[in-house]
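Participant: The following file, coords-v4.cif, comprises mmCIF, C-alpha atoms and all ligand atoms:
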data_upload
#
loop_
_atom_site.group_PDB
_atom_site.id
_atom_site.type_symbol
_atom_site.label_atom_id
_atom_site.label_comp_id
_atom_site.auth_asym_id
_atom_site.auth_seq_id
_atom_site.Cartn_x
_atom_site.Cartn_y
_atom_site.Cartn_z
ATOM 1 C CA MET P 1 0.000 0.000 0.000
ATOM 2 C CA SER P 2 2.664 2.494 1.076
ATOM 3 C CA SER P 3 4.562 2.157 -2.210
ATOM 4 C CA TRP P 4 1.359 2.871 -4.128
ATOM 5 C CA ALA P 5 0.370 5.959 -2.177
ATOM 6 C CA PRO P 6 2.720 8.445 -3.894
ATOM 7 C CA LEU P 7 1.742 7.166 -7.345
ATOM 8 C CA LEU P 8 -1.921 7.354 -6.516
ATOM 9 C CA ALA P 9 -1.523 10.878 -5.172
ATOM 10 C CA PHE P 10 0.323 11.819 -8.342
ATOM 11 C CA LEU P 11 -2.375 10.366 -10.588
ATOM 12 C CA LEU P 12 -5.140 12.012 -8.598
ATOM 13 C CA GLY P 13 -3.255 15.286 -8.813
ATOM 14 C CA LEU P 14 -3.051 14.928 -12.575
ATOM 15 C CA LEU P 15 -6.693 14.067 -12.861
ATOM 16 C CA LEU P 16 -7.662 17.108 -10.802
ATOM 17 C CA SER P 17 -5.425 19.405 -12.773
ATOM 18 C CA ILE P 18 -7.044 18.151 -15.960
ATOM 19 C CA ALA P 19 -10.516 18.579 -14.530
ATOM 20 C CA GLU P 20 -9.719 22.057 -13.223
ATOM 21 C CA GLY P 21 -7.616 23.200 -16.129
ATOM 22 C CA ASN P 22 -9.849 23.675 -19.128
ATOM 23 C CA HIS P 23 -13.111 25.163 -18.045
ATOM 24 C CA TYR P 24 -15.617 26.211 -20.611
ATOM 25 C CA GLU P 25 -17.780 29.035 -19.358
ATOM 26 C CA GLY P 26 -20.331 29.212 -22.099
ATOM 27 C CA HIS P 27 -21.321 31.191 -25.133
ATOM 28 C CA TRP P 28 -23.352 34.372 -24.862
ATOM 29 C CA LEU P 29 -24.675 36.704 -27.491
ATOM 30 C CA GLY P 30 -25.182 40.384 -26.856
ATOM 31 C CA GLN P 31 -24.239 41.750 -23.469
ATOM 32 C CA PRO P 32 -21.352 40.029 -21.736
ATOM 33 C CA CYS P 33 -22.233 38.174 -18.542
ATOM 34 C CA LEU P 34 -21.551 40.693 -15.808
ATOM 35 C CA PRO P 35 -21.764 39.927 -12.075
ATOM 36 C CA GLY P 36 -25.242 40.692 -10.751
ATOM 37 C CA GLN P 37 -26.857 40.614 -14.209
ATOM 38 C CA PRO P 38 -29.039 37.828 -15.582
ATOM 39 C CA CYS P 39 -26.930 35.949 -18.095
ATOM 40 C CA VAL P 40 -28.124 33.786 -20.976
ATOM 41 C CA LEU P 41 -25.642 31.058 -21.890
ATOM 42 C CA ALA P 42 -25.495 28.281 -24.471
ATOM 43 C CA PHE P 43 -23.460 25.080 -24.083
ATOM 44 C CA ILE P 44 -23.290 21.690 -25.776
ATOM 45 C CA SER P 45 -24.691 18.746 -23.849
ATOM 46 C CA ASN P 46 -22.433 15.933 -22.568
ATOM 47 C CA ASN P 47 -19.428 18.255 -22.337
ATOM 48 C CA PRO P 48 -18.114 19.549 -18.989
ATOM 49 C CA VAL P 49 -19.059 23.128 -18.132
ATOM 50 C CA VAL P 50 -18.560 25.696 -15.392
ATOM 51 C CA LEU P 51 -20.981 28.314 -14.086
ATOM 52 C CA ARG P 52 -19.144 30.983 -12.156
ATOM 53 C CA CYS P 53 -20.271 32.350 -8.829
ATOM 54 C CA PRO P 54 -18.708 35.787 -8.172
ATOM 55 C CA ARG P 55 -18.566 35.359 -4.399
ATOM 56 C CA SER P 56 -15.837 38.017 -3.903
ATOM 57 C CA SER P 57 -15.576 38.547 -0.119
ATOM 58 C CA TYR P 58 -18.429 36.337 1.037
ATOM 59 C CA ARG P 59 -17.306 33.639 3.499
ATOM 60 C CA GLY P 60 -20.529 31.800 4.361
ATOM 61 C CA HIS P 61 -22.243 28.922 2.600
ATOM 62 C CA ILE P 62 -22.915 29.072 -1.118
ATOM 63 C CA THR P 63 -25.966 27.309 -2.514
ATOM 64 C CA TRP P 64 -26.776 26.515 -6.117
ATOM 65 C CA GLN P 65 -30.424 26.382 -7.089
ATOM 66 C CA TYR P 66 -32.155 25.120 -10.185
ATOM 67 C CA LEU P 67 -35.515 25.736 -11.804
ATOM 68 C CA ASP P 68 -36.867 23.801 -14.764
ATOM 69 C CA PRO P 69 -38.903 26.202 -16.925
ATOM 70 C CA SER P 70 -41.621 23.544 -17.253
ATOM 71 C CA TRP P 71 -42.155 23.412 -13.464
ATOM 72 C CA THR P 72 -44.965 25.896 -13.085
ATOM 73 C CA ASP P 73 -45.563 27.720 -9.785
ATOM 74 C CA GLU P 74 -42.244 26.649 -8.324
ATOM 75 C CA GLN P 75 -39.323 28.570 -6.921
ATOM 76 C CA PRO P 76 -35.714 27.640 -7.728
ATOM 77 C CA LEU P 77 -34.743 24.658 -5.551
ATOM 78 C CA THR P 78 -31.392 23.986 -3.901
ATOM 79 C CA PHE P 79 -29.440 21.010 -5.210
ATOM 80 C CA LEU P 80 -25.905 21.814 -4.044
ATOM 81 C CA ARG P 81 -24.552 23.556 -0.967
ATOM 82 C CA SER P 82 -20.978 24.295 0.076
ATOM 83 C CA GLY P 83 -19.972 22.463 3.227
ATOM 84 C CA GLY P 84 -22.857 20.052 2.734
ATOM 85 C CA THR P 85 -21.770 16.460 2.383
ATOM 86 C CA SER P 86 -25.167 14.927 3.032
ATOM 87 C CA TRP P 87 -27.413 13.719 0.245
ATOM 88 C CA PRO P 88 -30.861 14.995 1.091
ATOM 89 C CA LEU P 89 -33.969 13.585 -0.526
ATOM 90 C CA PHE P 90 -35.046 15.892 -3.303
ATOM 91 C CA SER P 91 -38.597 16.645 -4.350
ATOM 92 C CA HIS P 92 -37.640 16.091 -8.011
ATOM 93 C CA ASP P 93 -35.531 13.216 -9.359
ATOM 94 C CA LYS P 94 -33.897 15.747 -11.605
ATOM 95 C CA LEU P 95 -32.357 17.617 -8.656
ATOM 96 C CA GLN P 96 -30.951 14.333 -7.399
ATOM 97 C CA ARG P 97 -29.352 13.663 -10.790
ATOM 98 C CA LEU P 98 -27.966 17.207 -10.961
ATOM 99 C CA ARG P 99 -26.525 16.842 -7.459
ATOM 100 C CA PHE P 100 -24.891 13.608 -8.510
ATOM 101 C CA LYS P 101 -23.092 14.959 -11.566
ATOM 102 C CA SER P 102 -22.077 18.378 -10.275
ATOM 103 C CA ARG P 103 -19.685 19.723 -7.681
ATOM 104 C CA LEU P 104 -18.345 23.006 -6.385
ATOM 105 C CA ILE P 105 -14.900 24.084 -7.516
ATOM 106 C CA ALA P 106 -12.935 24.366 -4.288
ATOM 107 C CA GLY P 107 -12.436 27.892 -3.019
ATOM 108 C CA THR P 108 -14.514 29.622 -5.699
ATOM 109 C CA GLY P 109 -18.127 28.518 -5.226
ATOM 110 C CA SER P 110 -18.365 27.977 -8.982
ATOM 111 C CA LEU P 111 -20.398 25.043 -10.232
ATOM 112 C CA TYR P 112 -18.837 22.279 -12.330
ATOM 113 C CA ILE P 113 -21.201 19.944 -14.193
ATOM 114 C CA SER P 114 -19.387 16.992 -15.692
ATOM 115 C CA SER P 115 -21.887 15.837 -18.272
ATOM 116 C CA PRO P 116 -24.987 18.002 -18.528
ATOM 117 C CA SER P 117 -27.886 16.690 -20.588
ATOM 118 C CA ARG P 118 -30.269 18.716 -22.723
ATOM 119 C CA GLU P 119 -32.908 18.305 -19.984
ATOM 120 C CA ASP P 120 -30.641 20.104 -17.496
ATOM 121 C CA SER P 121 -31.352 23.371 -19.329
ATOM 122 C CA GLY P 122 -33.062 25.968 -17.153
ATOM 123 C CA LEU P 123 -32.426 28.580 -14.526
ATOM 124 C CA TYR P 124 -29.349 28.303 -12.287
ATOM 125 C CA THR P 125 -28.712 30.689 -9.420
ATOM 126 C CA CYS P 126 -25.832 30.943 -6.998
ATOM 127 C CA ARG P 127 -26.921 32.266 -3.624
ATOM 128 C CA ALA P 128 -25.293 33.336 -0.376
ATOM 129 C CA GLY P 129 -27.935 33.603 2.333
ATOM 130 C CA ASP P 130 -30.742 35.673 0.804
ATOM 131 C CA ALA P 131 -28.537 37.291 -1.814
ATOM 132 C CA THR P 132 -28.424 36.097 -5.406
ATOM 133 C CA LEU P 133 -24.821 36.292 -6.571
ATOM 134 C CA ALA P 134 -25.301 34.903 -10.064
ATOM 135 C CA TYR P 135 -28.289 34.183 -12.252
ATOM 136 C CA TYR P 136 -27.986 32.094 -15.407
ATOM 137 C CA GLU P 137 -30.478 30.995 -18.004
ATOM 138 C CA VAL P 138 -28.769 28.012 -19.560
ATOM 139 C CA ASP P 139 -29.461 26.121 -22.768
ATOM 140 C CA PHE P 140 -27.652 22.795 -23.184
ATOM 141 C CA GLN P 141 -27.848 22.085 -26.905
ATOM 142 C CA ASP P 142 -28.081 18.510 -28.096
ATOM 143 C CA ALA P 143 -24.617 17.063 -28.856
ATOM 144 C CA GLU P 144 -26.288 14.284 -30.833
ATOM 145 C CA ARG P 145 -27.636 16.839 -33.304
ATOM 146 C CA LEU P 146 -24.192 18.375 -33.860
ATOM 147 C CA HIS P 147 -23.705 19.392 -37.509
ATOM 148 C CA VAL P 148 -20.046 18.852 -38.411
ATOM 149 C CA SER P 149 -18.628 20.471 -41.559
ATOM 150 C CA HIS P 150 -15.068 20.292 -42.894
ATOM 151 C CA ALA P 151 -14.179 23.422 -44.867
ATOM 152 C CA GLU P 152 -11.528 21.578 -46.934
ATOM 153 C CA LEU P 153 -14.055 18.995 -48.115
ATOM 154 C CA GLY P 154 -16.309 21.786 -49.347
ATOM 155 C CA GLU P 155 -18.931 20.994 -46.710
ATOM 156 C CA ALA P 156 -21.228 23.862 -45.842
ATOM 157 C CA SER P 157 -22.296 24.992 -42.418
ATOM 158 C CA LEU P 158 -26.022 25.364 -41.758
ATOM 159 C CA GLY P 159 -27.682 28.383 -43.353
ATOM 160 C CA ASN P 160 -30.237 30.726 -41.798
ATOM 161 C CA VAL P 161 -33.751 29.293 -41.690
ATOM 162 C CA THR P 162 -36.780 31.554 -41.324
ATOM 163 C CA VAL P 163 -40.119 30.050 -40.294
ATOM 164 C CA PRO P 164 -43.510 31.727 -39.791
ATOM 165 C CA LEU P 165 -45.117 31.585 -36.341
ATOM 166 C CA ASP P 166 -48.618 32.521 -35.148
ATOM 167 C CA GLN P 167 -50.067 36.002 -35.640
ATOM 168 C CA GLY P 168 -47.618 37.265 -38.227
ATOM 169 C CA ALA P 169 -44.583 36.579 -36.042
ATOM 170 C CA GLN P 170 -41.554 34.813 -37.472
ATOM 171 C CA ALA P 171 -38.353 33.226 -36.256
ATOM 172 C CA THR P 172 -34.940 33.022 -37.908
ATOM 173 C CA LEU P 173 -32.761 30.144 -36.704
ATOM 174 C CA PHE P 174 -29.065 30.794 -37.148
ATOM 175 C CA THR P 175 -25.684 29.727 -35.788
ATOM 176 C CA SER P 176 -23.729 32.043 -33.518
ATOM 177 C CA TRP P 177 -20.056 31.087 -33.752
ATOM 178 C CA SER P 178 -17.535 31.146 -30.929
ATOM 179 C CA PRO P 179 -13.937 32.158 -31.825
ATOM 180 C CA TRP P 180 -11.692 29.684 -33.674
ATOM 181 C CA GLN P 181 -9.728 27.477 -31.319
ATOM 182 C CA SER P 182 -5.964 27.434 -31.755
ATOM 183 C CA CYS P 183 -4.298 25.134 -34.287
ATOM 184 C CA ASN P 184 -3.790 21.666 -32.772
ATOM 185 C CA ARG P 185 -0.127 21.478 -33.818
ATOM 186 C CA CYS P 186 2.672 23.719 -35.025
ATOM 187 C CA GLY P 187 5.347 23.334 -37.706
ATOM 188 C CA HIS P 188 3.091 20.934 -39.673
ATOM 189 C CA PRO P 189 -0.371 21.264 -41.171
ATOM 190 C CA GLY P 190 -2.927 20.858 -38.412
ATOM 191 C CA GLU P 191 -6.602 21.405 -37.749
ATOM 192 C CA ARG P 192 -8.573 23.995 -35.892
ATOM 193 C CA LYS P 193 -12.165 23.940 -34.705
ATOM 194 C CA GLN P 194 -14.935 26.376 -34.132
ATOM 195 C CA VAL P 195 -18.078 25.615 -32.154
ATOM 196 C CA GLY P 196 -21.382 27.242 -33.118
ATOM 197 C CA PHE P 197 -24.615 27.492 -31.152
ATOM 198 C CA CYS P 198 -28.191 27.555 -32.384
ATOM 199 C CA TYR P 199 -29.914 30.887 -31.764
ATOM 200 C CA ALA P 200 -33.356 32.144 -32.725
ATOM 201 C CA GLN P 201 -34.203 35.697 -33.689
ATOM 202 C CA LEU P 202 -37.915 36.307 -33.109
ATOM 203 C CA THR P 203 -39.752 39.120 -34.857
ATOM 204 C CA THR P 204 -43.346 39.878 -33.975
ATOM 205 C CA MET P 205 -45.733 42.379 -35.550
ATOM 206 C CA ASP P 206 -45.495 44.950 -32.761
ATOM 207 C CA SER P 207 -42.004 44.462 -31.323
ATOM 208 C CA GLU P 208 -39.161 44.939 -33.752
ATOM 209 C CA GLY P 209 -36.147 42.673 -33.243
ATOM 210 C CA GLU P 210 -36.059 41.090 -29.769
ATOM 211 C CA MET P 211 -32.644 39.902 -28.590
ATOM 212 C CA PRO P 212 -31.839 36.525 -30.171
ATOM 213 C CA MET P 213 -32.085 33.636 -27.698
ATOM 214 C CA PRO P 214 -30.681 30.106 -27.669
ATOM 215 C CA CYS P 215 -32.937 27.770 -29.664
ATOM 216 C CA GLY P 216 -33.894 25.581 -26.683
ATOM 217 C CA MET P 217 -35.315 28.597 -24.864
ATOM 218 C CA ALA P 218 -37.084 29.825 -27.965
ATOM 219 C CA ARG P 219 -38.691 26.391 -28.343
ATOM 220 C CA GLN P 220 -40.046 26.621 -24.778
ATOM 221 C CA LYS P 221 -41.983 29.681 -25.966
ATOM 222 C CA TYR P 222 -42.797 28.413 -29.460
ATOM 223 C CA PRO P 223 -42.957 24.601 -29.449
ATOM 224 C CA THR P 224 -43.542 24.491 -33.214
ATOM 225 C CA LEU P 225 -40.028 25.767 -34.020
ATOM 226 C CA PRO P 226 -38.065 23.254 -36.115
ATOM 227 C CA GLN P 227 -35.346 21.215 -34.387
ATOM 228 C CA ARG P 228 -31.815 22.408 -35.029
ATOM 229 C CA GLY P 229 -28.621 21.570 -33.187
ATOM 230 C CA PRO P 230 -25.239 23.177 -32.580
ATOM 231 C CA GLU P 231 -22.394 23.097 -35.126
ATOM 232 C CA LEU P 232 -18.731 22.246 -35.388
ATOM 233 C CA ARG P 233 -16.616 23.730 -38.175
ATOM 234 C CA ILE P 234 -13.179 22.275 -38.953
ATOM 235 C CA GLU P 235 -10.495 23.684 -41.225
ATOM 236 C CA THR P 236 -6.791 23.114 -41.797
ATOM 237 C CA CYS P 237 -4.212 25.491 -40.393
ATOM 238 C CA GLN P 238 -0.467 25.854 -40.262
ATOM 239 C CA VAL P 239 1.360 27.901 -37.669
ATOM 240 C CA ARG P 240 5.043 28.295 -36.846
ATOM 241 C CA CYS P 241 6.380 26.902 -33.590
ATOM 242 C CA VAL P 242 7.029 30.248 -31.964
ATOM 243 C CA THR P 243 7.209 30.647 -28.185
ATOM 244 C CA SER P 244 3.846 32.390 -27.971
ATOM 245 C CA TYR P 245 2.138 29.428 -29.660
ATOM 246 C CA LEU P 246 3.783 26.906 -27.338
ATOM 247 C CA ALA P 247 2.953 29.018 -24.278
ATOM 248 C CA GLY P 248 -0.679 29.186 -25.370
ATOM 249 C CA GLN P 249 -0.968 25.400 -25.619
ATOM 250 C CA GLU P 250 -1.713 23.982 -22.222
ATOM 251 C CA GLU P 251 -0.437 20.472 -22.882
ATOM 252 C CA PRO P 252 1.403 20.502 -26.219
ATOM 253 C CA HIS P 253 1.553 17.092 -27.919
ATOM 254 C CA TRP P 254 1.428 15.313 -24.644
ATOM 255 C CA VAL P 255 -1.185 12.862 -23.512
ATOM 256 C CA PRO P 256 -0.952 13.097 -19.768
ATOM 257 C CA PHE P 257 -3.109 10.343 -18.414
ATOM 258 C CA LEU P 258 -4.260 6.958 -19.573
ATOM 259 C CA VAL P 259 -6.655 4.671 -17.792
ATOM 260 C CA PHE P 260 -7.117 1.082 -18.840
ATOM 261 C CA THR P 261 -10.305 -0.555 -17.870
ATOM 262 C CA ASN P 262 -12.314 -3.610 -18.809
ATOM 263 C CA TYR P 263 -15.932 -3.162 -19.592
ATOM 264 C CA HIS P 264 -18.410 -5.938 -20.269
ATOM 265 C CA PRO P 265 -21.493 -4.575 -21.976
ATOM 266 C CA GLN P 266 -24.511 -6.809 -22.355
ATOM 267 C CA LEU P 267 -24.988 -8.404 -25.701
ATOM 268 C CA LYS P 268 -27.235 -6.320 -27.971
ATOM 269 C CA ALA P 269 -27.600 -3.608 -25.334
ATOM 270 C CA THR P 270 -26.696 0.028 -25.964
ATOM 271 C CA ALA P 271 -23.300 0.982 -24.549
ATOM 272 C CA HIS P 272 -21.908 4.481 -24.092
ATOM 273 C CA LEU P 273 -18.132 4.817 -23.819
ATOM 274 C CA ARG P 274 -16.958 8.131 -22.470
ATOM 275 C CA CYS P 275 -13.487 9.550 -22.848
ATOM 276 C CA PRO P 276 -12.488 11.026 -19.475
ATOM 277 C CA ALA P 277 -11.724 14.758 -19.579
ATOM 278 C CA SER P 278 -12.704 14.942 -23.237
ATOM 279 C CA SER P 279 -14.552 18.013 -24.417
ATOM 280 C CA ILE P 280 -15.741 19.505 -27.681
ATOM 281 C CA TYR P 281 -14.475 22.877 -26.499
ATOM 282 C CA ARG P 282 -10.846 21.911 -26.925
HETATM 283 C C1 LIG M 1 -28.621 35.073 -40.065
HETATM 284 O O1 LIG M 1 -29.527 35.652 -39.140
HETATM 285 C C2 LIG M 1 -28.925 36.460 -38.129
HETATM 286 C C3 LIG M 1 -30.021 36.906 -37.172
HETATM 287 O O2 LIG M 1 -31.099 37.470 -37.834
HETATM 288 C C4 LIG M 1 -28.177 37.615 -38.765
HETATM 289 O O3 LIG M 1 -27.537 38.376 -37.768
HETATM 290 C C5 LIG M 1 -27.162 37.074 -39.755
HETATM 291 O O4 LIG M 1 -26.552 38.150 -40.425
HETATM 292 C C6 LIG M 1 -27.840 36.155 -40.771
HETATM 293 N N1 LIG M 1 -26.830 35.575 -41.630
HETATM 294 C C7 LIG M 1 -26.966 35.479 -42.941
HETATM 295 C C8 LIG M 1 -25.860 34.819 -43.686
HETATM 296 O O5 LIG M 1 -27.944 35.918 -43.509
#
As structure tokens, please, write out the structure in this file.
Ligand SMILES: *[C@@H]1O[C@H](CO)[C@@H](O)[C@H](O)[C@H]1NC(C)=O

Facilitator:
Amino acid sequence: MSSWAPLLAFLLGLLLSIAEGNHYEGHWLGQPCLPGQPCVLAFISNNPVVLRCPRSSYRGHITWQYLDPSWTDEQPLTFLRSGGTSWPLFSHDKLQRLRFKSRLIAGTGSLYISSPSREDSGLYTCRAGDATLAYYEVDFQDAERLHVSHAELGEASLGNVTVPLDQGAQATLFTSWSPWQSCNRCGHPGERKQVGFCYAQLTTMDSEGEMPMPCGMARQKYPTLPQRGPELRIETCQVRCVTSYLAGQEEPHWVPFLVFTNYHPQLKATAHLRCPASSIYR
């Protein structure tokens, strides 16, 4: 046992540094997410995400609350509390599942969700006592509907789609792109990726141009909107191996951690294999 302890500590340290290292904090359109302001964020389901809690000087307990927009007449309900190690019984199974797959990032009060599903979309608030420190409306867009297009193969990304709604209103579904990620290698041709999120621009007869909102939220309001998922755009790139490139790469050309495990799925059953620490955002 004693000879294993240092190795185990080392591996755990690595695992934590991976889990803590590359946080994706969401895509917003319009106003940036400022502390104290409601913030509308889009993410892609099944990929780890972080919701920040700007706790600044507050030293007491932090709670995270959740509200599903389809729960009518309910208040946001607590599913995670700093300092709380107990597993209370929740009034909704969903809160139990959220509790199970999320944790607080030590020392910050921010919320880490390892593998959010589309159904986890909704309202998230970070609270300290009676004060709301952060307020997020979150849309987890369906990773299984991801539209992948390779620029070099001449594949197109999704175009704008405009559909009529009731009473002369209409909606335009479009993709809002996040910045290009850095090239995955230097000195040789490589690849870079760009993630895009589905947004809907609603125009009604009386109100001109509301702020666009993530498609999942728009569909809550207008259930007849067509289904459309997020996007991934890939193109080739070539960059020189200059110091600034290498400094910007967190783990250049180095696979830090490998776990071998045996898994015995049932014959003819559906099996999901997850790659630990993998994310579409990198
Ligand atoms: C798609 O629609 C959005 C929102 O209305 C608009 O900002 C964008 O310019 C449109 N793109 C194209 C290619 O028409």

Participant: Would you please work out which residue, of P:Thr63, P:Gln170, P:Ser178, P:Asn262, is nearest to ligand LIG 1 (chain M) when using all atoms listed in the file?

Facilitator: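 Of the candidates, the smallest distance to ligand LIG 1 (chain M) is held by P:Gln170.
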
Participant: Would you list the residues near (-21.1, 5.7, -25.1), meaning any protein, DNA or RNA residue with an atom at most 12 Å from that point in file coordinates, counting only C-alpha atoms, as a PyMOL selection string?

Facilitator: chain P and resi 46+144+263+265+269-276

Participant: For the provided coordinates, the residues matched by the PyMOL selection byres (((not hetatm)) within 12 of (chain M and resi 1)) should be stated as JSON, numbers by chain.

Facilitator: {"P": [29, 30, 157, 158, 159, 160, 161, 162, 163, 170, 171, 172, 173, 174, 175, 176, 177, 198, 199, 200, 201, 202, 203, 208, 209, 210, 211, 212, 213, 214]}

Participant: Within 6 Å of P:Lys101, counting all atoms listed in the file, which residues show up once you throw out same-chain ones fewer than 3 positions away? Write them as a ChimeraX atom specification, please.

Facilitator: /P:98,113-114

Participant: Taking all atoms listed in the file into account, name the residue in P:Thr132, P:Thr78, P:Ser121, P:Gln96 that is nearest to P:Pro54.

Facilitator: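 Of P:Thr132, P:Thr78, P:Ser121, P:Gln96, the one nearest P:Pro54 is P:Thr132, counting all atoms listed in the file.
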
Participant: For the structure provided, state which residues fall under the PyMOL selection byres (((chain P and resi 55) around 10) and not hetatm), and present them as number ranges by chain.

Facilitator: P: 35, 52-54, 56-60, 62, 107-110, 126-128, 132-134

Participant: Quick one: distance from atom CA of P:Ser278 to atom CA of P:Leu34 in Å, one decimal?

Facilitator: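 The value is 28.2 Å.
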
Participant: So the first atom is atom CA of P:Ser91 and the second is atom CA of P:Ser70; what is the distance between them in Å, to one decimal place?

Facilitator: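 Going from atom CA of P:Ser91 over to atom CA of P:Ser70, I get 14.9 Å.
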
Participant: I'd like the contact shell of P:Gln75 - 12 Å cut-off, all atoms listed in the file, skipping same-chain residues fewer than 2 positions apart - returned as a PyMOL selection string.

Facilitator: chain P and resi 65-73+77-78+123-125

Participant: Name the closest residue to P:Tyr136 among the candidates P:Leu111, P:Ala106, P:Leu267, P:Ala218; distances are taken between atoms, counting all atoms listed in the file.

Facilitator: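 Of P:Leu111, P:Ala106, P:Leu267, P:Ala218, the one nearest P:Tyr136, counting all atoms listed in the file, is P:Leu111.
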
Participant: Just the number, please: distance in Å from atom CA of P:Thr243 to atom CA of P:Tyr24, one decimal.

Facilitator: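 Interatomic distance here is 24.5 Å.
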
Participant: Using all atoms listed in the file and a cutoff of 8 Å, can you tell me which residues are near (-23.7, 16.3, -29.9) in the file's coordinates, and write them out as a list in words?

Facilitator: Ile44, Ser45, Asn46, Gln141, Asp142, Ala143, Glu144, Arg145, Leu146, Gly229 and Pro230 of chain P

Participant: From the set P:Arg81, P:His188, P:Arg103, P:His61, which residue has the shortest atom-to-atom contact distance to P:Pro48, counting all atoms listed in the file?

Facilitator: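 The shortest atom-to-atom distance to P:Pro48 comes from P:Arg103.
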
Participant: I'd like to know which of P:Trp180, P:Phe260, P:Tyr245, P:Phe140 is closest to P:Met217, using all atoms listed in the file.

Facilitator: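 The closest residue to P:Met217 is P:Phe140.
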